[in-house]
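K.L.:
Just one file: coords_12.cif, with mmCIF, C-alpha atoms; chains and numbers go by the auth columns.
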```
data_run
loop_
_atom_site.group_PDB
_atom_site.id
_atom_site.type_symbol
_atom_site.label_atom_id
_atom_site.label_comp_id
_atom_site.label_asym_id
_atom_site.label_seq_id
_atom_site.Cartn_x
_atom_site.Cartn_y
_atom_site.Cartn_z
_atom_site.B_iso_or_equiv
_atom_site.auth_seq_id
_atom_site.auth_asym_id
ATOM 1 C CA MET A 1 -16.008 1.614 6.954 0.00 1 X
ATOM 2 C CA ASN A 2 -16.006 5.250 5.879 0.00 2 X
ATOM 3 C CA ALA A 3 -19.386 5.736 4.134 0.00 3 X
ATOM 4 C CA ALA A 4 -18.781 9.396 3.220 0.00 4 X
ATOM 5 C CA LEU A 5 -15.458 8.533 1.611 0.00 5 X
ATOM 6 C CA ALA A 6 -17.109 5.737 -0.372 0.00 6 X
ATOM 7 C CA GLN A 7 -19.219 8.439 -2.093 0.00 7 X
ATOM 8 C CA ASP A 8 -16.202 10.621 -3.044 0.00 8 X
ATOM 9 C CA ARG A 9 -16.010 10.246 -6.836 0.00 9 X
ATOM 10 C CA ASP A 10 -12.568 11.914 -7.029 0.00 10 X
ATOM 11 C CA ALA A 11 -10.921 9.496 -4.604 0.00 11 X
ATOM 12 C CA LEU A 12 -8.546 6.864 -5.946 0.00 12 X
ATOM 13 C CA ARG A 13 -9.997 3.434 -5.310 0.00 13 X
ATOM 14 C CA VAL A 14 -7.481 0.707 -4.664 0.00 14 X
ATOM 15 C CA ASN A 15 -7.213 -2.617 -2.924 0.00 15 X
ATOM 16 C CA LEU A 16 -4.057 -2.840 -0.859 0.00 16 X
ATOM 17 C CA THR A 17 -2.823 -6.404 -0.404 0.00 17 X
ATOM 18 C CA THR A 18 -0.445 -7.540 2.329 0.00 18 X
ATOM 19 C CA PRO A 19 0.608 -10.965 3.566 0.00 19 X
ATOM 20 C CA THR A 20 -1.575 -12.390 6.305 0.00 20 X
ATOM 21 C CA THR A 21 0.801 -12.332 9.235 0.00 21 X
ATOM 22 C CA THR A 22 -1.423 -13.568 12.040 0.00 22 X
ATOM 23 C CA VAL A 23 -0.423 -16.962 13.423 0.00 23 X
ATOM 24 C CA ARG A 24 -3.000 -18.768 15.554 0.00 24 X
ATOM 25 C CA LEU A 25 -2.151 -21.529 18.018 0.00 25 X
ATOM 26 C CA GLY A 26 -5.324 -22.546 19.771 0.00 26 X
ATOM 27 C CA PRO A 27 -6.571 -19.598 21.816 0.00 27 X
ATOM 28 C CA PHE A 28 -3.322 -17.683 21.247 0.00 28 X
ATOM 29 C CA GLN A 29 -2.452 -15.525 18.270 0.00 29 X
ATOM 30 C CA PHE A 30 0.511 -13.448 17.169 0.00 30 X
ATOM 31 C CA ASP A 31 0.425 -10.802 14.436 0.00 31 X
ATOM 32 C CA GLY A 32 3.902 -10.234 12.996 0.00 32 X
ATOM 33 C CA LEU A 33 2.887 -7.088 11.073 0.00 33 X
ATOM 34 C CA LYS A 34 1.398 -5.575 14.214 0.00 34 X
ATOM 35 C CA ALA A 35 4.634 -6.344 16.066 0.00 35 X
ATOM 36 C CA LEU A 36 6.698 -4.724 13.282 0.00 36 X
ATOM 37 C CA LEU A 37 4.540 -1.590 13.065 0.00 37 X
ATOM 38 C CA GLY A 38 3.697 -1.244 16.734 0.00 38 X
ATOM 39 C CA MET A 39 -0.001 -0.928 15.808 0.00 39 X
ATOM 40 C CA ASP A 40 -2.738 -2.885 14.075 0.00 40 X
ATOM 41 C CA PHE A 41 -2.434 -2.266 10.322 0.00 41 X
ATOM 42 C CA ALA A 42 -6.222 -2.178 9.839 0.00 42 X
ATOM 43 C CA ASP A 43 -6.474 0.566 12.475 0.00 43 X
ATOM 44 C CA ALA A 44 -3.888 2.645 10.602 0.00 44 X
ATOM 45 C CA LEU A 45 -5.845 2.232 7.350 0.00 45 X
ATOM 46 C CA ALA A 46 -9.318 2.696 8.913 0.00 46 X
ATOM 47 C CA PRO A 47 -9.791 6.358 7.852 0.00 47 X
ATOM 48 C CA LEU A 48 -9.374 5.328 4.185 0.00 48 X
ATOM 49 C CA MET A 49 -11.229 2.001 4.242 0.00 49 X
ATOM 50 C CA ILE A 50 -14.498 1.786 2.309 0.00 50 X
ATOM 51 C CA GLY A 51 -15.206 -1.854 3.069 0.00 51 X
ATOM 52 C CA PRO A 52 -14.154 -4.571 5.476 0.00 52 X
ATOM 53 C CA ARG A 53 -10.785 -6.282 5.213 0.00 53 X
ATOM 54 C CA PHE A 54 -11.015 -9.724 3.627 0.00 54 X
ATOM 55 C CA GLN A 55 -8.609 -12.538 2.793 0.00 55 X
ATOM 56 C CA ARG A 56 -7.814 -14.487 -0.368 0.00 56 X
ATOM 57 C CA GLU A 57 -5.080 -16.701 -1.780 0.00 57 X
ATOM 58 C CA SER A 58 -2.388 -15.127 -3.904 0.00 58 X
ATOM 59 C CA GLY A 59 0.892 -16.561 -5.124 0.00 59 X
ATOM 60 C CA GLY A 60 0.601 -19.585 -2.870 0.00 60 X
ATOM 61 C CA GLY A 61 0.032 -17.523 0.259 0.00 61 X
ATOM 62 C CA LEU A 62 -2.869 -15.925 2.038 0.00 62 X
ATOM 63 C CA VAL A 63 -3.178 -12.130 1.734 0.00 63 X
ATOM 64 C CA ASP A 64 -5.269 -9.545 3.552 0.00 64 X
ATOM 65 C CA VAL A 65 -7.088 -7.191 1.178 0.00 65 X
ATOM 66 C CA TYR A 66 -7.950 -3.663 2.319 0.00 66 X
ATOM 67 C CA PRO A 67 -10.436 -1.759 0.073 0.00 67 X
ATOM 68 C CA LEU A 68 -9.435 1.905 0.176 0.00 68 X
ATOM 69 C CA ALA A 69 -10.541 5.253 -1.258 0.00 69 X
ATOM 70 C CA ILE A 70 -7.810 7.891 -1.127 0.00 70 X
ATOM 71 C CA PRO A 71 -9.124 11.465 -1.457 0.00 71 X
ATOM 72 C CA ASP A 72 -7.143 13.996 -3.502 0.00 72 X
ATOM 73 C CA GLY A 73 -4.322 15.389 -1.402 0.00 73 X
ATOM 74 C CA GLU A 74 -4.647 12.648 1.215 0.00 74 X
ATOM 75 C CA GLY A 75 -2.702 9.511 1.993 0.00 75 X
ATOM 76 C CA LEU A 76 -0.890 7.622 4.675 0.00 76 X
ATOM 77 C CA SER A 77 2.699 7.038 5.744 0.00 77 X
ATOM 78 C CA ILE A 78 3.703 4.269 8.089 0.00 78 X
ATOM 79 C CA PRO A 79 7.134 4.095 9.706 0.00 79 X
ATOM 80 C CA ILE A 80 8.507 0.555 9.665 0.00 80 X
ATOM 81 C CA ARG A 81 11.063 -0.211 12.346 0.00 81 X
ATOM 82 C CA LEU A 82 14.572 -0.709 10.957 0.00 82 X
ATOM 83 C CA LEU A 83 13.453 -0.142 7.335 0.00 83 X
ATOM 84 C CA GLY A 84 12.177 3.395 7.025 0.00 84 X
ATOM 85 C CA GLU A 85 8.830 4.659 5.842 0.00 85 X
ATOM 86 C CA PHE A 86 6.269 3.210 3.449 0.00 86 X
ATOM 87 C CA GLY A 87 3.308 5.250 2.287 0.00 87 X
ATOM 88 C CA PHE A 88 1.044 6.438 -0.481 0.00 88 X
ATOM 89 C CA TYR A 89 -1.049 9.448 -1.363 0.00 89 X
ATOM 90 C CA ASN A 90 -3.319 10.807 -4.079 0.00 90 X
ATOM 91 C CA ASP A 91 -1.871 13.755 -5.996 0.00 91 X
ATOM 92 C CA ARG A 92 -4.620 14.814 -8.441 0.00 92 X
ATOM 93 C CA SER A 93 -5.494 11.198 -9.335 0.00 93 X
ATOM 94 C CA ILE A 94 -1.855 10.092 -9.483 0.00 94 X
ATOM 95 C CA LEU A 95 -0.868 7.502 -6.892 0.00 95 X
ATOM 96 C CA ILE A 96 2.388 8.454 -5.192 0.00 96 X
ATOM 97 C CA LEU A 97 4.152 5.474 -3.623 0.00 97 X
ATOM 98 C CA ARG A 98 6.645 6.340 -0.892 0.00 98 X
ATOM 99 C CA VAL A 99 9.252 3.675 -0.090 0.00 99 X
ATOM 100 C CA PRO A 100 12.496 3.501 1.867 0.00 100 X
ATOM 101 C CA PRO A 101 15.670 3.643 -0.254 0.00 101 X
ATOM 102 C CA ALA A 102 16.265 -0.087 0.320 0.00 102 X
ATOM 103 C CA ALA A 103 13.019 -0.911 -1.543 0.00 103 X
ATOM 104 C CA VAL A 104 13.622 1.253 -4.641 0.00 104 X
ATOM 105 C CA ASP A 105 14.941 -1.525 -6.885 0.00 105 X
ATOM 106 C CA VAL A 106 12.105 -3.907 -5.986 0.00 106 X
ATOM 107 C CA VAL A 107 9.415 -1.300 -6.704 0.00 107 X
ATOM 108 C CA ALA A 108 11.135 -0.150 -9.918 0.00 108 X
ATOM 109 C CA ALA A 109 11.238 -3.759 -11.140 0.00 109 X
ATOM 110 C CA GLN A 110 7.449 -4.012 -10.719 0.00 110 X
ATOM 111 C CA LEU A 111 6.888 -0.702 -12.538 0.00 111 X
ATOM 112 C CA VAL A 112 9.345 -1.238 -15.408 0.00 112 X
ATOM 113 C CA ARG A 113 6.658 -1.231 -18.136 0.00 113 X
ATOM 114 C CA GLU A 114 4.917 1.836 -16.705 0.00 114 X
ATOM 115 C CA LEU A 115 8.218 3.687 -16.258 0.00 115 X
ATOM 116 C CA ALA A 116 9.132 2.976 -19.897 0.00 116 X
ATOM 117 C CA SER A 117 5.733 4.129 -21.216 0.00 117 X
ATOM 118 C CA GLY A 118 5.592 7.279 -19.081 0.00 118 X
ATOM 119 C CA GLU A 119 2.642 6.051 -16.974 0.00 119 X
ATOM 120 C CA ALA A 120 4.981 6.090 -13.982 0.00 120 X
ATOM 121 C CA LYS A 121 7.829 8.360 -12.943 0.00 121 X
ATOM 122 C CA GLY A 122 10.527 7.993 -10.384 0.00 122 X
ATOM 123 C CA PRO A 123 12.222 7.356 -8.190 0.00 123 X
ATOM 124 C CA ARG A 124 12.474 10.851 -6.787 0.00 124 X
ATOM 125 C CA ARG A 125 14.445 10.933 -3.564 0.00 125 X
ATOM 126 C CA ARG A 126 13.162 13.172 -0.769 0.00 126 X
ATOM 127 C CA ASP A 127 13.574 13.986 2.876 0.00 127 X
ATOM 128 C CA THR A 128 10.210 13.753 4.654 0.00 128 X
ATOM 129 C CA GLY A 129 11.034 16.661 6.937 0.00 129 X
ATOM 130 C CA SER A 130 11.483 14.397 9.926 0.00 130 X
ATOM 131 C CA GLY A 131 14.934 13.325 8.783 0.00 131 X
ATOM 132 C CA VAL A 132 13.662 10.172 7.048 0.00 132 X
ATOM 133 C CA ARG A 133 14.873 9.629 3.478 0.00 133 X
ATOM 134 C CA VAL A 134 12.378 8.085 1.053 0.00 134 X
ATOM 135 C CA ALA A 135 11.973 7.529 -2.668 0.00 135 X
ATOM 136 C CA GLU A 136 8.718 8.343 -4.420 0.00 136 X
ATOM 137 C CA PHE A 137 7.187 6.834 -7.539 0.00 137 X
ATOM 138 C CA ALA A 138 4.257 8.514 -9.298 0.00 138 X
ATOM 139 C CA VAL A 139 1.887 6.062 -11.009 0.00 139 X
ATOM 140 C CA ARG A 140 -1.128 6.810 -13.192 0.00 140 X
ATOM 141 C CA LEU A 141 -3.509 3.985 -12.358 0.00 141 X
ATOM 142 C CA ARG A 142 -5.688 2.369 -15.015 0.00 142 X
ATOM 143 C CA PRO A 143 -8.879 0.532 -14.005 0.00 143 X
ATOM 144 C CA GLY A 144 -7.988 -3.064 -13.215 0.00 144 X
ATOM 145 C CA MET A 145 -4.239 -2.369 -13.041 0.00 145 X
ATOM 146 C CA ARG A 146 -2.484 -4.632 -10.537 0.00 146 X
ATOM 147 C CA LYS A 147 1.076 -4.353 -9.231 0.00 147 X
ATOM 148 C CA ALA A 148 2.447 -6.628 -6.541 0.00 148 X
ATOM 149 C CA VAL A 149 5.777 -7.603 -5.074 0.00 149 X
ATOM 150 C CA PRO A 150 5.658 -11.394 -4.647 0.00 150 X
ATOM 151 C CA LEU A 151 6.856 -12.710 -1.305 0.00 151 X
ATOM 152 C CA GLY A 152 6.912 -16.433 -2.106 0.00 152 X
ATOM 153 C CA SER A 153 4.825 -18.564 0.218 0.00 153 X
ATOM 154 C CA PHE A 154 3.975 -15.445 2.266 0.00 154 X
ATOM 155 C CA GLY A 155 1.838 -13.962 -0.518 0.00 155 X
ATOM 156 C CA GLU A 156 2.482 -10.414 -1.732 0.00 156 X
ATOM 157 C CA ILE A 157 2.397 -6.699 -1.071 0.00 157 X
ATOM 158 C CA GLY A 158 0.449 -4.983 -3.815 0.00 158 X
ATOM 159 C CA VAL A 159 -1.998 -2.426 -5.141 0.00 159 X
ATOM 160 C CA GLU A 160 -4.985 -3.115 -7.381 0.00 160 X
ATOM 161 C CA ALA A 161 -6.738 -0.205 -9.067 0.00 161 X
ATOM 162 C CA GLY A 162 -10.504 -0.062 -8.846 0.00 162 X
ATOM 163 C CA ALA A 163 -12.857 0.810 -11.678 0.00 163 X
#
```
Could you rewrite the structure in this file as structure tokens?
P.N.:
Amino acid sequence: MNAALAQDRDALRVNLTTPTTTVRLGPFQFDGLKALLGMDFADALAPLMIGPRFQRESGGGLVDVYPLAIPDGEGLSIPIRLLGEFGFYNDRSILILRVPPAAVDVVAAQLVRELASGEAKGPRRRDTGSGVRVAEFAVRLRPGMRKAVPLGSFGEIGVEAGA
């Protein structure tokens, strides 16, 4: 837990939700997300975490919840094998979501109301500088706002805005 970051009043506070991908068989366990990323997801998020990861049910599946505080100008991008790059960052209290081109329609469908009202903008297509093409959505978060892509019995991938 990053105690100093927890005190940063300008940081965006969000809960990131992802499907629980760890399968346990007796003393053995396999984490599908770790295998996909090549690293433990919690380790990648550790610099932004302001509390411990916890689990809850959502949409019929179990999700991992990561409480984060994202300082202005900071964020995180994670390359996903075979898909591209997913990420997010805080641009003066606007959450920028970075997704691979294949995920644009799914993210736009979740943001349709915000895109129509002007609370969200995008997609803006960019090259990350490392030759990876991404699309970015800018979202003005409201306290309590929740956006998630349902994944059936696997749970969801989502963002919940803090107060």
K.L.:
For this file, the PyMOL selection byres ((chain X and resi 96-99) around 7) selects which residues, as a PDB file with C-alpha atoms, in the frame of the given file?
P.N.:
```
ATOM      1  CA  GLU X  85       8.830   4.659   5.842  1.00  0.00           C
ATOM      2  CA  PHE X  86       6.269   3.210   3.449  1.00  0.00           C
ATOM      3  CA  GLY X  87       3.308   5.250   2.287  1.00  0.00           C
ATOM      4  CA  PHE X  88       1.044   6.438  -0.481  1.00  0.00           C
ATOM      5  CA  TYR X  89      -1.049   9.448  -1.363  1.00  0.00           C
ATOM      6  CA  ASN X  90      -3.319  10.807  -4.079  1.00  0.00           C
ATOM      7  CA  ASP X  91      -1.871  13.755  -5.996  1.00  0.00           C
ATOM      8  CA  ILE X  94      -1.855  10.092  -9.483  1.00  0.00           C
ATOM      9  CA  LEU X  95      -0.868   7.502  -6.892  1.00  0.00           C
ATOM     10  CA  PRO X 100      12.496   3.501   1.867  1.00  0.00           C
ATOM     11  CA  PRO X 101      15.670   3.643  -0.254  1.00  0.00           C
ATOM     12  CA  ALA X 103      13.019  -0.911  -1.543  1.00  0.00           C
ATOM     13  CA  VAL X 104      13.622   1.253  -4.641  1.00  0.00           C
ATOM     14  CA  VAL X 134      12.378   8.085   1.053  1.00  0.00           C
ATOM     15  CA  ALA X 135      11.973   7.529  -2.668  1.00  0.00           C
ATOM     16  CA  GLU X 136       8.718   8.343  -4.420  1.00  0.00           C
ATOM     17  CA  PHE X 137       7.187   6.834  -7.539  1.00  0.00           C
ATOM     18  CA  ALA X 138       4.257   8.514  -9.298  1.00  0.00           C
ATOM     19  CA  VAL X 139       1.887   6.062 -11.009  1.00  0.00           C
TER      20      VAL X 139
END
```
K.L.:
Calculated over only C-alpha atoms, which of the candidates X:Leu25, X:Ser93, X:Arg146, X:Lys121 has the smallest distance to Arg9 (chain X)?
P.N.:
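Looking only at the distances to Arg9 (chain X), the closest residue turns out to be X:Ser93.
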K.L.:
Show me as a ChimeraX atom specification the residues that reach within 9 Å of (-10.7, 14.5, -1.9), counting only C-alpha atoms and using the file's own coordinates.
P.N.:
/X:5,8-12,70-74,90,92
K.L.:
Evaluate the PyMOL selection byres ((chain X and resi 120) around 9) and record the selected residues as a ChimeraX atom specification, following the chain and residue labels used in the document.
P.N.:
/X:111-119,121-122,137-141
K.L.:
I'd like to know which of X:Thr17, X:Ile157, X:Met145, X:Pro123 is closest to Arg56 (chain X), using all atoms listed in the file.
P.N.:
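Among the listed residues, X:Thr17 lies closest to Arg56 (chain X).
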K.L.:
For Leu37 (chain X), work out the shell of residues within 10 Å, counting all atoms listed in the file and skipping chain neighbours fewer than 2 positions away, then give it as a PyMOL selection string.
P.N.:
chain X and resi 32-35+39-41+44+78-81
K.L.:
Which residues fall under the PyMOL selection byres ((chain X and resi 158) around 8) in this file, as a ChimeraX atom specification?
P.N.:
/X:16-18,146-149,156-157,159-160
K.L.:
Name the closest residue to Leu68 (chain X) among the candidates X:Thr22, X:Gly129, X:Gly38, X:Arg13; distances are taken between atoms, counting only C-alpha atoms.
P.N.:
X:Arg13
K.L.:
Just how far from CA of Gly162 (chain X) is CA of Ala46 (chain X), in Å to one decimal?
P.N.:
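Atom-to-atom, CA of Ala46 (chain X) to CA of Gly162 (chain X), that is 18.0 Å.
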K.L.:
Which is closest to Pro19 (chain X) among X:Thr128, X:Ser77, X:Asn2, X:Ser153, if we use all atoms listed in the file?
P.N.:
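When distances to Pro19 (chain X) are compared using all atoms listed in the file, the smallest one comes from X:Ser153.
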K.L.:
By how many Å are CA of Met49 (chain X) and CA of Val65 (chain X) apart?
P.N.:
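Pair CA of Met49 (chain X) / CA of Val65 (chain X) returns 10.5 Å.
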K.L.:
Could you jot down the CA of Arg125 (chain X) to CA of Asn15 (chain X) separation for me, Å, one decimal place?
P.N.:
25.6 Å
